[in-house]
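Below: one structure, written as C-alpha cells.
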Amino acid sequence: MLLYTSLATALLLAAPAAAQTWPYDLIGTWSTKSNQTLTGPGFYDPLNERLIEPSRTGISYSFTGDGHYEEAYYRAIANPQNPACPSGIMQWQHGSWVMNANGSLSLTPIAVDGRQLLSSPCEYNNAVYTRYNQTELFQRYSVYTDPYHGIGRLDMFKFDGSPMNPMYLVYAPPQMLPTTTLNPTSASSTAGATSTSGSKLKRSLDAEVPLSWKVKMASENGKMGEGSGVVHMINADRVWWIGLGMMGFGGLLYLGPRRMGVQLS
C-alpha cells in the first residue's frame, strides 16, 4: 500500500497540469458486472455514519461534468492460510477529478470524508471502521459500447497500466451523495473546507480509532441504544461463500488444463 501510494503520488505530481478537462463520456454512474455495488445513499449513509453492505461484491465510480467523483468498493479477501476465514472490505470516498493533458485521470478525495469498513470475523468481534483517504491516478481510460451487452462500458487502467475490472453504465446523470464535505472536522473547517447546507450532514471521527473501540466504550457508558446502527458487520457467511467460490474457480483454472494433458509453463 505504501509503495502504491508513493508511486501514484509521484506520477500524479508529474502529470501535466495544463489542459485539464472533464470529458463528457465519463459522466454517469458505472459499476462492475454484479451491478449491486453502486455509489450514492444506498452504499454510504453519512447521517448515521454507516456503510451499507451490498448483496454482491463490486466496484462503482460516478463522475460529474464539473469535476466531482464518488467511488464505492466492496471486495472479498481470500485467506490462503485459513480458507474458512476470508475477510471483507468496504471503501467509500468522493472528491474532485480531472483529465490531464496526457490523457491520465487524477482523482483527489476529500480527506476527512472517506470511510473504510474491514470485517475479519476470525480476528475481531466487530468490524473495524476508520477513515479512508487514497489519491488515485489512472494512466488512461476507454469508453465504448460493449459488443456483447450493448451498453456503455468503461475500461480504466491503473497508474502502472494494469486494467481494472470493466464497468458498465448504470445511471446518467450519476447517482451520488452531495459533492461537498459531508464530515467536516474543526481542523478542516479552519482550513476552509466547505460543508453541506446547514451542516446537516456534519459527523466527526475525532481520531483514527476503530469504531469497535468506540462502540465498546459507549456500551459501557450506556450510550448505545437499540437500533443505533453504528456498527455494521459485513455478513461473514456471504464473505465465506464468496471466498470459497474464488478458491474453487482458481482450482478449476489450475487443474483443468492438467487433466486434459495441457502443459502449463
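For the C-alpha cells, the naming scheme is as follows: chains receive sequential letters (A, B, ...) according to their order of presentation, residues are indexed from 1 within each chain, and ligands are indexed from 1 in presentation order.
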For His68 (chain A), please output as a PDB file with N, CA, C and O atoms, in the first residue's frame all residues within 10 Å (counting only C-alpha atoms; exclusion window: fewer than 4 positions along the same chain).
```pdb
ATOM      1  N   TRP A  22     -12.860  17.824 -18.243  1.00  0.00           N
ATOM      2  CA  TRP A  22     -13.782  16.837 -17.707  1.00  0.00           C
ATOM      3  C   TRP A  22     -14.571  16.256 -18.872  1.00  0.00           C
ATOM      4  O   TRP A  22     -15.651  16.747 -19.211  1.00  0.00           O
ATOM      5  N   ILE A  27     -19.274  10.949 -17.773  1.00  0.00           N
ATOM      6  CA  ILE A  27     -20.351  11.386 -16.888  1.00  0.00           C
ATOM      7  C   ILE A  27     -21.358  10.260 -16.676  1.00  0.00           C
ATOM      8  O   ILE A  27     -21.850   9.656 -17.638  1.00  0.00           O
ATOM      9  N   SER A  62     -18.630   7.144  -9.997  1.00  0.00           N
ATOM     10  CA  SER A  62     -19.523   8.138 -10.598  1.00  0.00           C
ATOM     11  C   SER A  62     -18.728   9.398 -10.894  1.00  0.00           C
ATOM     12  O   SER A  62     -17.865   9.802 -10.098  1.00  0.00           O
ATOM     13  N   PHE A  63     -19.039  10.030 -12.029  1.00  0.00           N
ATOM     14  CA  PHE A  63     -18.361  11.259 -12.436  1.00  0.00           C
ATOM     15  C   PHE A  63     -19.391  12.298 -12.863  1.00  0.00           C
ATOM     16  O   PHE A  63     -20.381  11.949 -13.523  1.00  0.00           O
ATOM     17  N   THR A  64     -19.151  13.553 -12.499  1.00  0.00           N
ATOM     18  CA  THR A  64     -19.984  14.657 -12.982  1.00  0.00           C
ATOM     19  C   THR A  64     -19.199  15.451 -14.016  1.00  0.00           C
ATOM     20  O   THR A  64     -17.972  15.336 -14.120  1.00  0.00           O
ATOM     21  N   HIS A  94     -15.100  10.389  -1.940  1.00  0.00           N
ATOM     22  CA  HIS A  94     -15.509  11.273  -3.031  1.00  0.00           C
ATOM     23  C   HIS A  94     -14.601  12.495  -3.021  1.00  0.00           C
ATOM     24  O   HIS A  94     -13.869  12.732  -2.061  1.00  0.00           O
ATOM     25  N   GLY A  95     -14.640  13.239  -4.123  1.00  0.00           N
ATOM     26  CA  GLY A  95     -13.778  14.411  -4.224  1.00  0.00           C
ATOM     27  C   GLY A  95     -13.835  15.003  -5.613  1.00  0.00           C
ATOM     28  O   GLY A  95     -14.896  15.047  -6.246  1.00  0.00           O
ATOM     29  N   SER A  96     -12.671  15.429  -6.122  1.00  0.00           N
ATOM     30  CA  SER A  96     -12.600  16.090  -7.432  1.00  0.00           C
ATOM     31  C   SER A  96     -11.735  15.277  -8.387  1.00  0.00           C
ATOM     32  O   SER A  96     -10.842  14.537  -7.969  1.00  0.00           O
ATOM     33  N   TRP A  97     -12.010  15.432  -9.675  1.00  0.00           N
ATOM     34  CA  TRP A  97     -11.252  14.704 -10.690  1.00  0.00           C
ATOM     35  C   TRP A  97     -11.014  15.586 -11.900  1.00  0.00           C
ATOM     36  O   TRP A  97     -11.768  16.542 -12.152  1.00  0.00           O
ATOM     37  N   VAL A  98      -9.954  15.291 -12.651  1.00  0.00           N
ATOM     38  CA  VAL A  98      -9.661  15.957 -13.917  1.00  0.00           C
ATOM     39  C   VAL A  98      -9.002  14.953 -14.851  1.00  0.00           C
ATOM     40  O   VAL A  98      -8.406  13.976 -14.408  1.00  0.00           O
ATOM     41  N   LEU A 107      -7.661  11.683  -9.479  1.00  0.00           N
ATOM     42  CA  LEU A 107      -8.780  11.701  -8.551  1.00  0.00           C
ATOM     43  C   LEU A 107      -8.259  12.083  -7.166  1.00  0.00           C
ATOM     44  O   LEU A 107      -7.421  11.374  -6.600  1.00  0.00           O
ATOM     45  N   THR A 108      -8.746  13.193  -6.638  1.00  0.00           N
ATOM     46  CA  THR A 108      -8.294  13.698  -5.348  1.00  0.00           C
ATOM     47  C   THR A 108      -9.464  13.715  -4.377  1.00  0.00           C
ATOM     48  O   THR A 108     -10.401  14.503  -4.542  1.00  0.00           O
ATOM     49  N   PRO A 109      -9.459  12.842  -3.348  1.00  0.00           N
ATOM     50  CA  PRO A 109     -10.600  12.752  -2.440  1.00  0.00           C
ATOM     51  C   PRO A 109     -10.614  13.874  -1.399  1.00  0.00           C
ATOM     52  O   PRO A 109      -9.588  14.506  -1.130  1.00  0.00           O
ATOM     53  N   MET A 176     -25.267  10.032  -6.846  1.00  0.00           N
ATOM     54  CA  MET A 176     -24.201  10.386  -5.911  1.00  0.00           C
ATOM     55  C   MET A 176     -24.773  11.070  -4.678  1.00  0.00           C
ATOM     56  O   MET A 176     -25.881  11.611  -4.700  1.00  0.00           O
ATOM     57  N   PRO A 178     -24.180  14.275  -1.879  1.00  0.00           N
ATOM     58  CA  PRO A 178     -23.712  15.653  -2.099  1.00  0.00           C
ATOM     59  C   PRO A 178     -22.204  15.699  -2.290  1.00  0.00           C
ATOM     60  O   PRO A 178     -21.457  14.956  -1.639  1.00  0.00           O
ATOM     61  N   THR A 179     -21.752  16.563  -3.185  1.00  0.00           N
ATOM     62  CA  THR A 179     -20.336  16.579  -3.563  1.00  0.00           C
ATOM     63  C   THR A 179     -19.474  17.426  -2.635  1.00  0.00           C
ATOM     64  O   THR A 179     -18.264  17.427  -2.777  1.00  0.00           O
ATOM     65  N   THR A 180     -20.100  18.147  -1.693  1.00  0.00           N
ATOM     66  CA  THR A 180     -19.334  18.947  -0.748  1.00  0.00           C
ATOM     67  C   THR A 180     -18.924  18.098   0.458  1.00  0.00           C
ATOM     68  O   THR A 180     -19.306  16.937   0.571  1.00  0.00           O
TER      69      THR A 180
END
```
Pick from A:Ser87, A:Ser119, A:Ser104, A:Ala111: nearest to Asp160 (chain A), with only C-alpha atoms counted? A:Ser104
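Considering the residues A:Pro83, A:Pro23, A:Pro46, A:Gly150 and counting only C-alpha atoms, Met99 (chain A) has its shortest atom-to-atom contact with A:Pro23.
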Between A:Met156, A:Asp146, A:Gly67, A:Val128, single out the one closest to Tyr24 (chain A), counting only C-alpha atoms. A:Gly67
One number please: CA of Gln116 (chain A) to CA of Asn100 (chain A), in Å, one decimal. 28.0 Å
Name all residues at most 8 Å from Ile77 (chain A) (count only C-alpha atoms; drop same-chain ones fewer than 6 positions away) and give them as an MDAnalysis selection string. chainID A and resid 86:89 243
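Of the residues under consideration (A:Asn125, A:Ser106, A:Thr130, A:Asn183), A:Ser106 shows the shortest atom-to-atom contact distance to Gln20 (chain A) when counting only C-alpha atoms.
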Gln93 (chain A) environment, 9 Å, only C-alpha atoms, sequence neighbours closer than 3 positions dropped, as a PDB file with all heavy atoms, in the first residue's frame:
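Output file selection.pdb follows:
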```
ATOM      1  N   TYR A  69     -16.393  13.446  -8.266  1.00  0.00           N
ATOM      2  CA  TYR A  69     -16.484  11.999  -8.430  1.00  0.00           C
ATOM      3  C   TYR A  69     -16.826  11.358  -7.092  1.00  0.00           C
ATOM      4  O   TYR A  69     -16.711  11.960  -6.023  1.00  0.00           O
ATOM      5  CB  TYR A  69     -15.172  11.418  -8.969  1.00  0.00           C
ATOM      6  CG  TYR A  69     -14.136  11.129  -7.906  1.00  0.00           C
ATOM      7  CD1 TYR A  69     -13.989   9.844  -7.368  1.00  0.00           C
ATOM      8  CD2 TYR A  69     -13.314  12.137  -7.398  1.00  0.00           C
ATOM      9  CE1 TYR A  69     -13.049   9.579  -6.380  1.00  0.00           C
ATOM     10  CE2 TYR A  69     -12.384  11.893  -6.418  1.00  0.00           C
ATOM     11  CZ  TYR A  69     -12.249  10.610  -5.905  1.00  0.00           C
ATOM     12  OH  TYR A  69     -11.335  10.357  -4.911  1.00  0.00           O
ATOM     13  N   GLU A  70     -17.252  10.093  -7.164  1.00  0.00           N
ATOM     14  CA  GLU A  70     -17.526   9.291  -5.978  1.00  0.00           C
ATOM     15  C   GLU A  70     -17.207   7.842  -6.317  1.00  0.00           C
ATOM     16  O   GLU A  70     -17.400   7.425  -7.468  1.00  0.00           O
ATOM     17  CB  GLU A  70     -18.998   9.432  -5.569  1.00  0.00           C
ATOM     18  CG  GLU A  70     -19.387   8.698  -4.300  1.00  0.00           C
ATOM     19  CD  GLU A  70     -20.841   8.961  -3.917  1.00  0.00           C
ATOM     20  OE1 GLU A  70     -21.321  10.100  -4.090  1.00  0.00           O
ATOM     21  OE2 GLU A  70     -21.509   8.001  -3.453  1.00  0.00           O
ATOM     22  N   GLU A  71     -16.716   7.090  -5.346  1.00  0.00           N
ATOM     23  CA  GLU A  71     -16.401   5.691  -5.602  1.00  0.00           C
ATOM     24  C   GLU A  71     -16.856   4.818  -4.447  1.00  0.00           C
ATOM     25  O   GLU A  71     -16.915   5.257  -3.292  1.00  0.00           O
ATOM     26  CB  GLU A  71     -14.906   5.494  -5.837  1.00  0.00           C
ATOM     27  CG  GLU A  71     -14.041   5.780  -4.638  1.00  0.00           C
ATOM     28  CD  GLU A  71     -12.557   5.577  -4.954  1.00  0.00           C
ATOM     29  OE1 GLU A  71     -11.976   6.401  -5.692  1.00  0.00           O
ATOM     30  OE2 GLU A  71     -11.989   4.587  -4.438  1.00  0.00           O
ATOM     31  N   ALA A  72     -17.195   3.567  -4.759  1.00  0.00           N
ATOM     32  CA  ALA A  72     -17.635   2.589  -3.770  1.00  0.00           C
ATOM     33  C   ALA A  72     -17.001   1.249  -4.104  1.00  0.00           C
ATOM     34  O   ALA A  72     -17.114   0.777  -5.243  1.00  0.00           O
ATOM     35  CB  ALA A  72     -19.162   2.477  -3.765  1.00  0.00           C
ATOM     36  N   PRO A 109      -9.459  12.842  -3.348  1.00  0.00           N
ATOM     37  CA  PRO A 109     -10.600  12.752  -2.440  1.00  0.00           C
ATOM     38  C   PRO A 109     -10.614  13.874  -1.399  1.00  0.00           C
ATOM     39  O   PRO A 109      -9.588  14.506  -1.130  1.00  0.00           O
ATOM     40  CB  PRO A 109     -10.393  11.400  -1.753  1.00  0.00           C
ATOM     41  CG  PRO A 109      -8.909  11.218  -1.757  1.00  0.00           C
ATOM     42  CD  PRO A 109      -8.418  11.843  -3.036  1.00  0.00           C
ATOM     43  N   ILE A 110     -11.794  14.103  -0.820  1.00  0.00           N
ATOM     44  CA  ILE A 110     -11.920  14.963   0.348  1.00  0.00           C
ATOM     45  C   ILE A 110     -11.446  14.128   1.538  1.00  0.00           C
ATOM     46  O   ILE A 110     -12.095  13.161   1.929  1.00  0.00           O
ATOM     47  CB  ILE A 110     -13.372  15.430   0.541  1.00  0.00           C
ATOM     48  CG1 ILE A 110     -13.827  16.246  -0.686  1.00  0.00           C
ATOM     49  CG2 ILE A 110     -13.521  16.249   1.823  1.00  0.00           C
ATOM     50  CD1 ILE A 110     -15.300  16.630  -0.658  1.00  0.00           C
ATOM     51  N   ALA A 111     -10.315  14.507   2.106  1.00  0.00           N
ATOM     52  CA  ALA A 111      -9.597  13.628   3.030  1.00  0.00           C
ATOM     53  C   ALA A 111     -10.424  13.215   4.247  1.00  0.00           C
ATOM     54  O   ALA A 111     -10.333  12.065   4.694  1.00  0.00           O
ATOM     55  CB  ALA A 111      -8.302  14.301   3.484  1.00  0.00           C
ATOM     56  N   ASP A 113     -13.616  12.797   4.551  1.00  0.00           N
ATOM     57  CA  ASP A 113     -14.893  12.135   4.273  1.00  0.00           C
ATOM     58  C   ASP A 113     -14.797  10.644   4.019  1.00  0.00           C
ATOM     59  O   ASP A 113     -15.767   9.912   4.204  1.00  0.00           O
ATOM     60  CB  ASP A 113     -15.573  12.803   3.073  1.00  0.00           C
ATOM     61  CG  ASP A 113     -16.408  14.001   3.480  1.00  0.00           C
ATOM     62  OD1 ASP A 113     -16.494  14.269   4.689  1.00  0.00           O
ATOM     63  OD2 ASP A 113     -16.979  14.670   2.581  1.00  0.00           O
ATOM     64  N   GLY A 114     -13.668  10.154   3.523  1.00  0.00           N
ATOM     65  CA  GLY A 114     -13.556   8.750   3.141  1.00  0.00           C
ATOM     66  C   GLY A 114     -13.749   7.807   4.321  1.00  0.00           C
ATOM     67  O   GLY A 114     -13.355   8.113   5.455  1.00  0.00           O
ATOM     68  N   ARG A 115     -14.345   6.642   4.060  1.00  0.00           N
ATOM     69  CA  ARG A 115     -14.611   5.668   5.104  1.00  0.00           C
ATOM     70  C   ARG A 115     -14.221   4.260   4.631  1.00  0.00           C
ATOM     71  O   ARG A 115     -14.352   3.933   3.449  1.00  0.00           O
ATOM     72  CB  ARG A 115     -16.090   5.664   5.494  1.00  0.00           C
ATOM     73  CG  ARG A 115     -16.568   6.960   6.149  1.00  0.00           C
ATOM     74  CD  ARG A 115     -15.933   7.142   7.514  1.00  0.00           C
ATOM     75  NE  ARG A 115     -16.411   8.334   8.192  1.00  0.00           N
ATOM     76  CZ  ARG A 115     -15.815   9.512   8.155  1.00  0.00           C
ATOM     77  NH1 ARG A 115     -14.724   9.680   7.419  1.00  0.00           N
ATOM     78  NH2 ARG A 115     -16.307  10.529   8.853  1.00  0.00           N
ATOM     79  N   GLN A 116     -13.762   3.435   5.570  1.00  0.00           N
ATOM     80  CA  GLN A 116     -13.412   2.039   5.286  1.00  0.00           C
ATOM     81  C   GLN A 116     -13.943   1.149   6.398  1.00  0.00           C
ATOM     82  O   GLN A 116     -13.839   1.481   7.582  1.00  0.00           O
ATOM     83  CB  GLN A 116     -11.902   1.865   5.176  1.00  0.00           C
ATOM     84  CG  GLN A 116     -11.453   0.404   5.004  1.00  0.00           C
ATOM     85  CD  GLN A 116      -9.965   0.276   4.795  1.00  0.00           C
ATOM     86  OE1 GLN A 116      -9.456   0.537   3.720  1.00  0.00           O
ATOM     87  NE2 GLN A 116      -9.248  -0.134   5.835  1.00  0.00           N
ATOM     88  N   TYR A 132     -10.727   6.777   5.432  1.00  0.00           N
ATOM     89  CA  TYR A 132     -10.015   6.235   4.268  1.00  0.00           C
ATOM     90  C   TYR A 132      -9.736   7.398   3.330  1.00  0.00           C
ATOM     91  O   TYR A 132     -10.626   8.195   3.012  1.00  0.00           O
ATOM     92  CB  TYR A 132     -10.864   5.178   3.567  1.00  0.00           C
ATOM     93  CG  TYR A 132     -10.278   4.643   2.279  1.00  0.00           C
ATOM     94  CD1 TYR A 132      -9.147   3.833   2.295  1.00  0.00           C
ATOM     95  CD2 TYR A 132     -10.854   4.948   1.053  1.00  0.00           C
ATOM     96  CE1 TYR A 132      -8.600   3.335   1.110  1.00  0.00           C
ATOM     97  CE2 TYR A 132     -10.326   4.447  -0.132  1.00  0.00           C
ATOM     98  CZ  TYR A 132      -9.194   3.647  -0.094  1.00  0.00           C
ATOM     99  OH  TYR A 132      -8.664   3.162  -1.266  1.00  0.00           O
ATOM    100  N   ASN A 133      -8.488   7.511   2.873  1.00  0.00           N
ATOM    101  CA  ASN A 133      -8.090   8.626   2.016  1.00  0.00           C
ATOM    102  C   ASN A 133      -7.021   8.137   1.056  1.00  0.00           C
ATOM    103  O   ASN A 133      -5.879   7.918   1.457  1.00  0.00           O
ATOM    104  CB  ASN A 133      -7.571   9.784   2.880  1.00  0.00           C
ATOM    105  CG  ASN A 133      -6.997  10.918   2.048  1.00  0.00           C
ATOM    106  OD1 ASN A 133      -7.334  11.084   0.872  1.00  0.00           O
ATOM    107  ND2 ASN A 133      -6.109  11.697   2.646  1.00  0.00           N
ATOM    108  N   GLN A 134      -7.385   7.928  -0.215  1.00  0.00           N
ATOM    109  CA  GLN A 134      -6.448   7.398  -1.197  1.00  0.00           C
ATOM    110  C   GLN A 134      -6.553   8.185  -2.508  1.00  0.00           C
ATOM    111  O   GLN A 134      -7.532   8.056  -3.246  1.00  0.00           O
ATOM    112  CB  GLN A 134      -6.719   5.920  -1.467  1.00  0.00           C
ATOM    113  CG  GLN A 134      -5.826   5.297  -2.536  1.00  0.00           C
ATOM    114  CD  GLN A 134      -4.368   5.269  -2.121  1.00  0.00           C
ATOM    115  OE1 GLN A 134      -3.990   4.588  -1.172  1.00  0.00           O
ATOM    116  NE2 GLN A 134      -3.530   6.025  -2.822  1.00  0.00           N
TER     117      GLN A 134
END
```
